[in-house]
$ cat data.csv   # CSV, C-alpha atoms
chain,number,residue,atom,x,y,z
A,1,MET,CA,15.3,17.0,37.8
A,2,THR,CA,17.6,14.0,37.8
A,3,VAL,CA,18.4,11.7,34.9
A,4,GLU,CA,16.5,8.9,36.7
A,5,SER,CA,13.4,11.0,36.9
A,6,VAL,CA,13.5,11.9,33.2
A,7,ARG,CA,13.7,8.2,32.3
A,8,GLN,CA,10.7,7.4,34.5
A,9,VAL,CA,8.4,9.9,32.6
A,10,PRO,CA,5.8,7.8,30.9
A,11,ARG,CA,5.8,7.9,27.1
A,12,ARG,CA,2.5,7.5,25.4
A,13,ARG,CA,2.1,5.1,22.5
A,14,CYS,CA,0.4,6.6,19.5
A,15,ASN,CA,-0.5,5.6,15.9
A,16,ALA,CA,-0.1,7.2,12.5
A,17,PHE,CA,-3.4,9.1,12.8
A,18,SER,CA,-3.1,10.6,16.3
A,19,GLY,CA,-1.7,13.9,15.1
A,20,VAL,CA,1.5,13.4,17.1
A,21,ASP,CA,4.8,14.4,15.4
A,22,ALA,CA,6.5,11.2,14.1
A,23,ARG,CA,9.7,12.1,16.1
A,24,GLU,CA,7.7,11.6,19.3
A,25,LEU,CA,6.6,8.0,18.4
A,26,VAL,CA,7.5,5.2,20.8
A,27,PRO,CA,8.4,1.9,19.1
A,28,SER,CA,5.6,-0.6,19.0
A,29,PRO,CA,6.0,-4.2,20.1
A,30,PRO,CA,6.8,-6.8,17.4
A,31,MET,CA,4.0,-7.1,14.8
A,32,SER,CA,1.7,-10.0,14.8
A,33,ASP,CA,-0.5,-11.0,11.8
A,34,ASP,CA,-3.6,-9.5,13.5
A,35,TYR,CA,-4.7,-6.1,14.8
A,36,ARG,CA,-7.0,-5.8,17.8
A,37,ILE,CA,-10.2,-4.2,16.7
A,38,GLY,CA,-9.3,-0.8,18.3
A,39,GLU,CA,-5.8,-0.9,16.6
A,40,ALA,CA,-7.4,-1.7,13.2
A,41,ALA,CA,-9.9,1.2,13.7
A,42,ALA,CA,-7.1,3.6,14.5
A,43,ALA,CA,-5.0,2.4,11.5
A,44,LEU,CA,-8.1,2.9,9.2
A,45,GLY,CA,-9.0,6.2,10.7
A,46,VAL,CA,-12.5,5.1,11.8
A,47,ARG,CA,-14.3,4.2,15.0
A,48,VAL,CA,-14.6,0.6,16.4
A,49,GLU,CA,-18.4,0.9,15.8
A,50,THR,CA,-17.7,1.4,12.1
A,51,LEU,CA,-15.7,-1.8,11.9
A,52,ARG,CA,-18.5,-3.7,13.6
A,53,ARG,CA,-21.0,-2.3,11.1
A,54,TRP,CA,-18.7,-3.3,8.2
A,55,GLU,CA,-18.5,-6.8,9.7
A,56,ARG,CA,-22.3,-7.0,9.8
A,57,LYS,CA,-22.5,-5.9,6.2
A,58,GLY,CA,-19.8,-8.4,5.1
A,59,LEU,CA,-17.3,-5.7,4.2
A,60,LEU,CA,-14.8,-6.8,6.9
A,61,ARG,CA,-13.8,-10.3,7.9
A,62,PRO,CA,-12.4,-10.3,11.4
A,63,THR,CA,-11.6,-13.5,13.3
A,64,ARG,CA,-12.2,-14.2,17.0
A,65,THR,CA,-9.7,-15.1,19.8
A,66,PRO,CA,-10.5,-18.0,22.0
A,67,GLY,CA,-11.9,-15.4,24.4
A,68,GLY,CA,-14.3,-14.1,21.8
A,69,GLN,CA,-12.5,-10.8,21.0
A,70,ARG,CA,-12.4,-9.6,17.4
A,71,VAL,CA,-9.1,-9.4,15.7
A,72,VAL,CA,-8.6,-8.1,12.2
A,73,PRO,CA,-5.9,-9.8,10.0
A,74,ALA,CA,-3.2,-7.5,8.8
A,75,ALA,CA,-4.1,-8.4,5.2
A,76,GLU,CA,-7.6,-7.1,5.8
A,77,VAL,CA,-6.3,-3.8,7.2
A,78,ALA,CA,-4.1,-3.5,4.1
A,79,ARG,CA,-7.0,-4.3,1.8
A,80,LEU,CA,-9.3,-1.8,3.4
A,81,LEU,CA,-6.6,0.9,3.3
A,82,SER,CA,-6.0,0.3,-0.4
A,83,GLU,CA,-9.7,0.4,-1.2
A,84,ARG,CA,-10.3,3.6,0.9
A,85,ARG,CA,-7.2,5.3,-0.6
A,86,GLY,CA,-9.0,6.4,-3.8
A,87,SER,CA,-6.8,8.3,-6.2
A,88,GLN,CA,-4.9,10.5,-3.8
A,89,PRO,CA,-1.6,12.0,-5.0
A,90,ILE,CA,1.7,10.7,-3.9
A,91,ALA,CA,3.1,12.5,-0.9
A,92,SER,CA,6.4,14.3,-0.9
A,93,ALA,CA,8.1,16.5,1.8
A,94,SER,CA,11.4,17.5,3.4
A,95,GLN,CA,13.9,15.4,5.4
A,96,ARG,CA,12.1,16.0,8.6
A,97,ASN,CA,8.9,14.4,7.4
A,98,ARG,CA,8.2,10.9,8.4
A,99,PHE,CA,5.0,9.2,7.6
A,100,PRO,CA,4.0,6.2,9.9
A,101,GLY,CA,1.5,4.0,8.3
A,102,VAL,CA,0.7,0.5,7.0
A,103,ILE,CA,2.2,-1.2,4.0
A,104,THR,CA,-0.5,-1.9,1.5
A,105,GLN,CA,1.5,-3.4,-1.4
A,106,VAL,CA,5.0,-4.7,-2.1
A,107,ARG,CA,6.0,-5.4,-5.7
A,108,LYS,CA,9.4,-7.1,-6.3
A,109,ASP,CA,11.4,-8.0,-9.4
A,110,LYS,CA,15.0,-9.3,-9.7
A,111,LEU,CA,16.7,-6.1,-8.5
A,112,ALA,CA,14.2,-3.6,-7.1
A,113,ALA,CA,11.0,-3.4,-5.1
A,114,THR,CA,8.2,-0.8,-4.9
A,115,VAL,CA,6.6,-0.5,-1.5
A,116,GLU,CA,3.3,1.3,-1.1
A,117,ILE,CA,2.4,2.7,2.4
A,118,GLN,CA,-0.9,4.3,3.3
A,119,ALA,CA,0.0,6.9,6.0
A,120,GLY,CA,-3.2,8.6,7.1
A,121,PRO,CA,-4.5,10.3,4.0
A,122,HIS,CA,-1.2,10.0,2.2
A,123,ARG,CA,-0.2,7.3,-0.2
A,124,VAL,CA,3.6,7.0,-0.3
A,125,LEU,CA,5.6,4.9,-2.8
A,126,ALA,CA,9.2,3.9,-2.1
A,127,PHE,CA,11.5,2.4,-4.8
A,128,ILE,CA,14.1,0.4,-2.9
A,129,THR,CA,16.4,-2.6,-3.6
A,130,ARG,CA,14.9,-6.0,-3.5
A,131,GLU,CA,17.6,-7.0,-1.1
A,132,ALA,CA,16.4,-4.3,1.4
A,133,ALA,CA,12.8,-5.4,1.0
A,134,ASP,CA,13.8,-9.0,1.7
A,135,GLN,CA,16.0,-8.2,4.7
A,136,MET,CA,13.2,-6.2,6.3
A,137,GLY,CA,10.6,-8.9,5.4
A,138,LEU,CA,8.2,-6.3,4.1
A,139,SER,CA,4.6,-7.5,3.4
A,140,PRO,CA,1.2,-5.9,3.2
A,141,GLY,CA,-0.3,-5.1,6.7
A,142,MET,CA,3.0,-4.4,8.4
A,143,GLN,CA,3.5,-1.1,10.2
A,144,ALA,CA,6.3,1.0,8.6
A,145,ILE,CA,7.5,4.6,8.4
A,146,ALA,CA,8.1,6.3,5.1
A,147,ALA,CA,11.0,8.8,5.7
A,148,VAL,CA,11.0,11.3,2.9
A,149,LYS,CA,14.1,13.3,1.9
A,150,ALA,CA,14.1,15.3,-1.4
A,151,THR,CA,13.2,12.7,-4.0
A,152,ASN,CA,14.2,9.7,-1.9
A,153,VAL,CA,11.8,7.6,0.3
A,154,THR,CA,13.3,5.1,2.7
A,155,ILE,CA,11.4,2.5,4.7
A,156,GLU,CA,11.9,2.0,8.4
A,157,LEU,CA,10.3,-0.5,10.7
A,158,PRO,CA,9.1,0.6,14.2
A,159,GLY,CA,11.2,-0.4,17.1
$ encode --input "data.csv" --output "structure tokens"
Amino acid sequence: MTVESVRQVPRRRCNAFSGVDARELVPSPPMSDDYRIGEAAAALGVRVETLRRWERKGLLRPTRTPGGQRVVPAAEVARLLSERRGSQPIASASQRNRFPGVITQVRKDKLAATVEIQAGPHRVLAFITREAADQMGLSPGMQAIAAVKATNVTIELPG
């Protein structure tokens, strides 16, 4: 097998809930402010039909593209993740553990920031500098990876 043939092997794109080891993740394209309905369903861990039902019940407020397709604003995904979270414990693990998920909350003061990520069933809190949070442009609804090492949690952006 040549180097060229290895580079041509297709890499599948996956999300935080696909059960794929985070080390196998392929970077996503730059984030927009909206999720396609299938992406929103995957991020929330539900089926597309569930999101349509939530829309009919008024629990979800998607918008439509000019072509009529549903898109869910990133803020809506963050809100639903926060509401569905419940009172789950904060996750902790070893250096090898990386938790891809969606930022649900960013709190900043003069020097520090607390970033909350809903990664599957895990709620991860990271205490980072405000400067780091500002440089990465962290906001609710963004995809991010919580990399856990001992008592430290760092934030990485896909790609």
$ residues_around --input "data.csv" --residues "region 44-48 of chain A" --least-positions-apart "6" --cutoff "9 Å" --atoms "all atoms listed in the file" --output "PyMOL selection string"
chain A and resi 17+37-38+77+80-81+84+120
$ write_last_selection --input "data.csv" --atoms "C-alpha atoms" --output "mmCIF file, in the coordinates of the input"
data_model
loop_
_atom_site.group_PDB
_atom_site.id
_atom_site.type_symbol
_atom_site.label_atom_id
_atom_site.label_comp_id
_atom_site.auth_asym_id
_atom_site.auth_seq_id
_atom_site.Cartn_x
_atom_site.Cartn_y
_atom_site.Cartn_z
ATOM 1 C CA PHE A 17 -3.400 9.100 12.800
ATOM 2 C CA ILE A 37 -10.200 -4.200 16.700
ATOM 3 C CA GLY A 38 -9.300 -0.800 18.300
ATOM 4 C CA VAL A 77 -6.300 -3.800 7.200
ATOM 5 C CA LEU A 80 -9.300 -1.800 3.400
ATOM 6 C CA LEU A 81 -6.600 0.900 3.300
ATOM 7 C CA ARG A 84 -10.300 3.600 0.900
ATOM 8 C CA GLY A 120 -3.200 8.600 7.100
#
$ residues_around --input "data.csv" --residues "Ala146 (chain A)" --least-positions-apart "3" --cutoff "7 Å" --atoms "only C-alpha atoms" --output "NGL selection string"
:A and (98-100 or 153-156)
$ write_last_selection --input "data.csv" --atoms "C-alpha atoms" --output "short mmCIF file (atom, residue, chain, number, x, y, z; two decimals), keeping the file's coordinate frame"
data_model
loop_
_atom_site.label_atom_id
_atom_site.label_comp_id
_atom_site.auth_asym_id
_atom_site.auth_seq_id
_atom_site.Cartn_x
_atom_site.Cartn_y
_atom_site.Cartn_z
CA ARG A 98 8.20 10.90 8.40
CA PHE A 99 5.00 9.20 7.60
CA PRO A 100 4.00 6.20 9.90
CA VAL A 153 11.80 7.60 0.30
CA THR A 154 13.30 5.10 2.70
CA ILE A 155 11.40 2.50 4.70
CA GLU A 156 11.90 2.00 8.40
#
$ residues_around --input "data.csv" --residues "Phe127 (chain A)" --least-positions-apart "5" --cutoff "8 Å" --atoms "all atoms listed in the file" --output "list in words"
Ala112, Ala113, Thr114, Val115 and Val153 of chain A
$ write_last_selection --input "data.csv" --atoms "C-alpha atoms" --output "PDB file, keeping the file's coordinate frame"
ATOM      1  CA  ALA A 112      14.200  -3.600  -7.100  1.00  0.00           C
ATOM      2  CA  ALA A 113      11.000  -3.400  -5.100  1.00  0.00           C
ATOM      3  CA  THR A 114       8.200  -0.800  -4.900  1.00  0.00           C
ATOM      4  CA  VAL A 115       6.600  -0.500  -1.500  1.00  0.00           C
ATOM      5  CA  VAL A 153      11.800   7.600   0.300  1.00  0.00           C
TER       6      VAL A 153
END
$ atom_distance --input "data.csv" --atom1 "CA of Gln118 (chain A)" --atom2 "CA of Arg64 (chain A)"
25.6 Å
$ closest_residue --input "data.csv" --among "A:Gln143, A:Arg53, A:Val106, A:Ile117" --to "Arg130 (chain A)" --atoms "all atoms listed in the file"
A:Val106
$ atom_distance --input "data.csv" --atom1 "CA of Val72 (chain A)" --atom2 "CA of Ser139 (chain A)"
15.9 Å
$ closest_residue --input "data.csv" --among "A:Leu59, A:Val102, A:Leu51, A:Leu111" --to "Gly141 (chain A)" --atoms "all atoms listed in the file"
A:Val102
$ atom_distance --input "data.csv" --atom1 "CA of Leu125 (chain A)" --atom2 "CA of Ser82 (chain A)"
12.7 Å
$ closest_residue --input "data.csv" --among "A:Ala74, A:Val124, A:Val148, A:Asp134" --to "Lys110 (chain A)" --atoms "only C-alpha atoms"
A:Asp134
$ residues_near_point --input "data.csv" --point "(-9.9, -14.5, 10.3)" --cutoff "12 Å" --atoms "all atoms listed in the file" --output "PyMOL selection string"
chain A and resi 33-36+55+60-65+69-77
$ decode --input "data.csv" --residues "region 27-68 of chain A" --atoms "N, CA and C atoms" --output "PDB file, in the first residue's frame"
ATOM      1  N   PRO A  27     -12.205  16.814  11.258  1.00  0.00           N
ATOM      2  CA  PRO A  27     -12.657  18.186  11.523  1.00  0.00           C
ATOM      3  C   PRO A  27     -13.884  18.542  10.716  1.00  0.00           C
ATOM      4  N   SER A  28     -14.791  19.277  11.335  1.00  0.00           N
ATOM      5  CA  SER A  28     -16.001  19.743  10.673  1.00  0.00           C
ATOM      6  C   SER A  28     -15.705  21.022   9.906  1.00  0.00           C
ATOM      7  N   PRO A  29     -16.563  21.351   8.955  1.00  0.00           N
ATOM      8  CA  PRO A  29     -16.406  22.642   8.287  1.00  0.00           C
ATOM      9  C   PRO A  29     -16.709  23.761   9.271  1.00  0.00           C
ATOM     10  N   PRO A  30     -16.366  25.006   8.946  1.00  0.00           N
ATOM     11  CA  PRO A  30     -16.635  26.108   9.866  1.00  0.00           C
ATOM     12  C   PRO A  30     -18.105  26.149  10.271  1.00  0.00           C
ATOM     13  N   MET A  31     -18.345  26.490  11.528  1.00  0.00           N
ATOM     14  CA  MET A  31     -19.703  26.506  12.068  1.00  0.00           C
ATOM     15  C   MET A  31     -20.503  27.681  11.520  1.00  0.00           C
ATOM     16  N   SER A  32     -21.759  27.438  11.231  1.00  0.00           N
ATOM     17  CA  SER A  32     -22.677  28.526  10.938  1.00  0.00           C
ATOM     18  C   SER A  32     -23.534  28.695  12.182  1.00  0.00           C
ATOM     19  N   ASP A  33     -24.476  29.599  12.116  1.00  0.00           N
ATOM     20  CA  ASP A  33     -25.344  29.819  13.265  1.00  0.00           C
ATOM     21  C   ASP A  33     -26.516  28.848  13.280  1.00  0.00           C
ATOM     22  N   ASP A  34     -26.612  27.987  12.282  1.00  0.00           N
ATOM     23  CA  ASP A  34     -27.730  27.056  12.180  1.00  0.00           C
ATOM     24  C   ASP A  34     -27.241  25.625  11.988  1.00  0.00           C
ATOM     25  N   TYR A  35     -28.066  24.686  12.458  1.00  0.00           N
ATOM     26  CA  TYR A  35     -27.834  23.263  12.226  1.00  0.00           C
ATOM     27  C   TYR A  35     -28.922  22.786  11.272  1.00  0.00           C
ATOM     28  N   ARG A  36     -28.540  21.957  10.293  1.00  0.00           N
ATOM     29  CA  ARG A  36     -29.579  21.284   9.520  1.00  0.00           C
ATOM     30  C   ARG A  36     -30.327  20.387  10.482  1.00  0.00           C
ATOM     31  N   ILE A  37     -31.549  20.037  10.170  1.00  0.00           N
ATOM     32  CA  ILE A  37     -32.372  19.308  11.130  1.00  0.00           C
ATOM     33  C   ILE A  37     -31.748  17.968  11.524  1.00  0.00           C
ATOM     34  N   GLY A  38     -31.092  17.292  10.584  1.00  0.00           N
ATOM     35  CA  GLY A  38     -30.421  16.031  10.903  1.00  0.00           C
ATOM     36  C   GLY A  38     -29.245  16.240  11.844  1.00  0.00           C
ATOM     37  N   GLU A  39     -28.496  17.334  11.639  1.00  0.00           N
ATOM     38  CA  GLU A  39     -27.373  17.642  12.525  1.00  0.00           C
ATOM     39  C   GLU A  39     -27.864  17.978  13.930  1.00  0.00           C
ATOM     40  N   ALA A  40     -28.959  18.744  13.997  1.00  0.00           N
ATOM     41  CA  ALA A  40     -29.525  19.100  15.303  1.00  0.00           C
ATOM     42  C   ALA A  40     -30.008  17.847  16.029  1.00  0.00           C
ATOM     43  N   ALA A  41     -30.657  16.946  15.300  1.00  0.00           N
ATOM     44  CA  ALA A  41     -31.129  15.703  15.910  1.00  0.00           C
ATOM     45  C   ALA A  41     -29.961  14.894  16.455  1.00  0.00           C
ATOM     46  N   ALA A  42     -28.875  14.794  15.680  1.00  0.00           N
ATOM     47  CA  ALA A  42     -27.699  14.040  16.126  1.00  0.00           C
ATOM     48  C   ALA A  42     -27.084  14.686  17.370  1.00  0.00           C
ATOM     49  N   ALA A  43     -26.975  16.017  17.372  1.00  0.00           N
ATOM     50  CA  ALA A  43     -26.395  16.715  18.518  1.00  0.00           C
ATOM     51  C   ALA A  43     -27.228  16.534  19.776  1.00  0.00           C
ATOM     52  N   LEU A  44     -28.547  16.424  19.606  1.00  0.00           N
ATOM     53  CA  LEU A  44     -29.449  16.258  20.744  1.00  0.00           C
ATOM     54  C   LEU A  44     -29.665  14.797  21.116  1.00  0.00           C
ATOM     55  N   GLY A  45     -29.206  13.895  20.269  1.00  0.00           N
ATOM     56  CA  GLY A  45     -29.366  12.476  20.559  1.00  0.00           C
ATOM     57  C   GLY A  45     -30.785  11.972  20.352  1.00  0.00           C
ATOM     58  N   VAL A  46     -31.509  12.599  19.410  1.00  0.00           N
ATOM     59  CA  VAL A  46     -32.887  12.188  19.109  1.00  0.00           C
ATOM     60  C   VAL A  46     -33.017  11.992  17.601  1.00  0.00           C
ATOM     61  N   ARG A  47     -34.189  11.521  17.177  1.00  0.00           N
ATOM     62  CA  ARG A  47     -34.455  11.331  15.750  1.00  0.00           C
ATOM     63  C   ARG A  47     -35.038  12.606  15.150  1.00  0.00           C
ATOM     64  N   VAL A  48     -34.918  12.746  13.842  1.00  0.00           N
ATOM     65  CA  VAL A  48     -35.472  13.901  13.134  1.00  0.00           C
ATOM     66  C   VAL A  48     -36.976  14.000  13.392  1.00  0.00           C
ATOM     67  N   GLU A  49     -37.644  12.871  13.424  1.00  0.00           N
ATOM     68  CA  GLU A  49     -39.089  12.860  13.663  1.00  0.00           C
ATOM     69  C   GLU A  49     -39.424  13.491  15.020  1.00  0.00           C
ATOM     70  N   THR A  50     -38.551  13.280  15.998  1.00  0.00           N
ATOM     71  CA  THR A  50     -38.761  13.865  17.326  1.00  0.00           C
ATOM     72  C   THR A  50     -38.703  15.392  17.238  1.00  0.00           C
ATOM     73  N   LEU A  51     -37.743  15.909  16.482  1.00  0.00           N
ATOM     74  CA  LEU A  51     -37.651  17.364  16.332  1.00  0.00           C
ATOM     75  C   LEU A  51     -38.878  17.924  15.629  1.00  0.00           C
ATOM     76  N   ARG A  52     -39.386  17.222  14.642  1.00  0.00           N
ATOM     77  CA  ARG A  52     -40.604  17.682  13.958  1.00  0.00           C
ATOM     78  C   ARG A  52     -41.787  17.697  14.925  1.00  0.00           C
ATOM     79  N   ARG A  53     -41.867  16.668  15.767  1.00  0.00           N
ATOM     80  CA  ARG A  53     -42.939  16.618  16.764  1.00  0.00           C
ATOM     81  C   ARG A  53     -42.795  17.771  17.765  1.00  0.00           C
ATOM     82  N   TRP A  54     -41.558  18.024  18.204  1.00  0.00           N
ATOM     83  CA  TRP A  54     -41.323  19.144  19.128  1.00  0.00           C
ATOM     84  C   TRP A  54     -41.716  20.469  18.482  1.00  0.00           C
ATOM     85  N   GLU A  55     -41.471  20.593  17.171  1.00  0.00           N
ATOM     86  CA  GLU A  55     -41.867  21.813  16.464  1.00  0.00           C
ATOM     87  C   GLU A  55     -43.388  21.975  16.491  1.00  0.00           C
ATOM     88  N   ARG A  56     -44.107  20.894  16.207  1.00  0.00           N
ATOM     89  CA  ARG A  56     -45.575  20.958  16.218  1.00  0.00           C
ATOM     90  C   ARG A  56     -46.108  21.322  17.598  1.00  0.00           C
ATOM     91  N   LYS A  57     -45.439  20.859  18.648  1.00  0.00           N
ATOM     92  CA  LYS A  57     -45.856  21.151  20.025  1.00  0.00           C
ATOM     93  C   LYS A  57     -45.375  22.521  20.505  1.00  0.00           C
ATOM     94  N   GLY A  58     -44.578  23.208  19.715  1.00  0.00           N
ATOM     95  CA  GLY A  58     -44.060  24.517  20.101  1.00  0.00           C
ATOM     96  C   GLY A  58     -42.835  24.454  21.002  1.00  0.00           C
ATOM     97  N   LEU A  59     -42.215  23.267  21.123  1.00  0.00           N
ATOM     98  CA  LEU A  59     -41.033  23.108  21.968  1.00  0.00           C
ATOM     99  C   LEU A  59     -39.743  23.455  21.237  1.00  0.00           C
ATOM    100  N   LEU A  60     -39.802  23.562  19.919  1.00  0.00           N
ATOM    101  CA  LEU A  60     -38.640  23.846  19.086  1.00  0.00           C
ATOM    102  C   LEU A  60     -39.036  24.912  18.081  1.00  0.00           C
ATOM    103  N   ARG A  61     -38.138  25.875  17.850  1.00  0.00           N
ATOM    104  CA  ARG A  61     -38.436  26.971  16.941  1.00  0.00           C
ATOM    105  C   ARG A  61     -37.432  26.995  15.783  1.00  0.00           C
ATOM    106  N   PRO A  62     -37.572  26.047  14.831  1.00  0.00           N
ATOM    107  CA  PRO A  62     -36.665  26.075  13.669  1.00  0.00           C
ATOM    108  C   PRO A  62     -37.080  27.177  12.700  1.00  0.00           C
ATOM    109  N   THR A  63     -36.168  27.507  11.800  1.00  0.00           N
ATOM    110  CA  THR A  63     -36.495  28.429  10.719  1.00  0.00           C
ATOM    111  C   THR A  63     -36.448  27.623   9.427  1.00  0.00           C
ATOM    112  N   ARG A  64     -36.745  28.270   8.327  1.00  0.00           N
ATOM    113  CA  ARG A  64     -36.724  27.583   7.029  1.00  0.00           C
ATOM    114  C   ARG A  64     -35.777  28.301   6.075  1.00  0.00           C
ATOM    115  N   THR A  65     -35.117  27.519   5.256  1.00  0.00           N
ATOM    116  CA  THR A  65     -34.264  28.082   4.210  1.00  0.00           C
ATOM    117  C   THR A  65     -35.168  28.567   3.084  1.00  0.00           C
ATOM    118  N   PRO A  66     -34.634  29.334   2.146  1.00  0.00           N
ATOM    119  CA  PRO A  66     -35.453  29.734   0.992  1.00  0.00           C
ATOM    120  C   PRO A  66     -36.032  28.525   0.251  1.00  0.00           C
ATOM    121  N   GLY A  67     -35.356  27.374   0.332  1.00  0.00           N
ATOM    122  CA  GLY A  67     -35.843  26.159  -0.309  1.00  0.00           C
ATOM    123  C   GLY A  67     -36.845  25.390   0.545  1.00  0.00           C
ATOM    124  N   GLY A  68     -37.155  25.894   1.750  1.00  0.00           N
ATOM    125  CA  GLY A  68     -38.159  25.263   2.601  1.00  0.00           C
ATOM    126  C   GLY A  68     -37.616  24.241   3.585  1.00  0.00           C
TER     127      GLY A  68
END
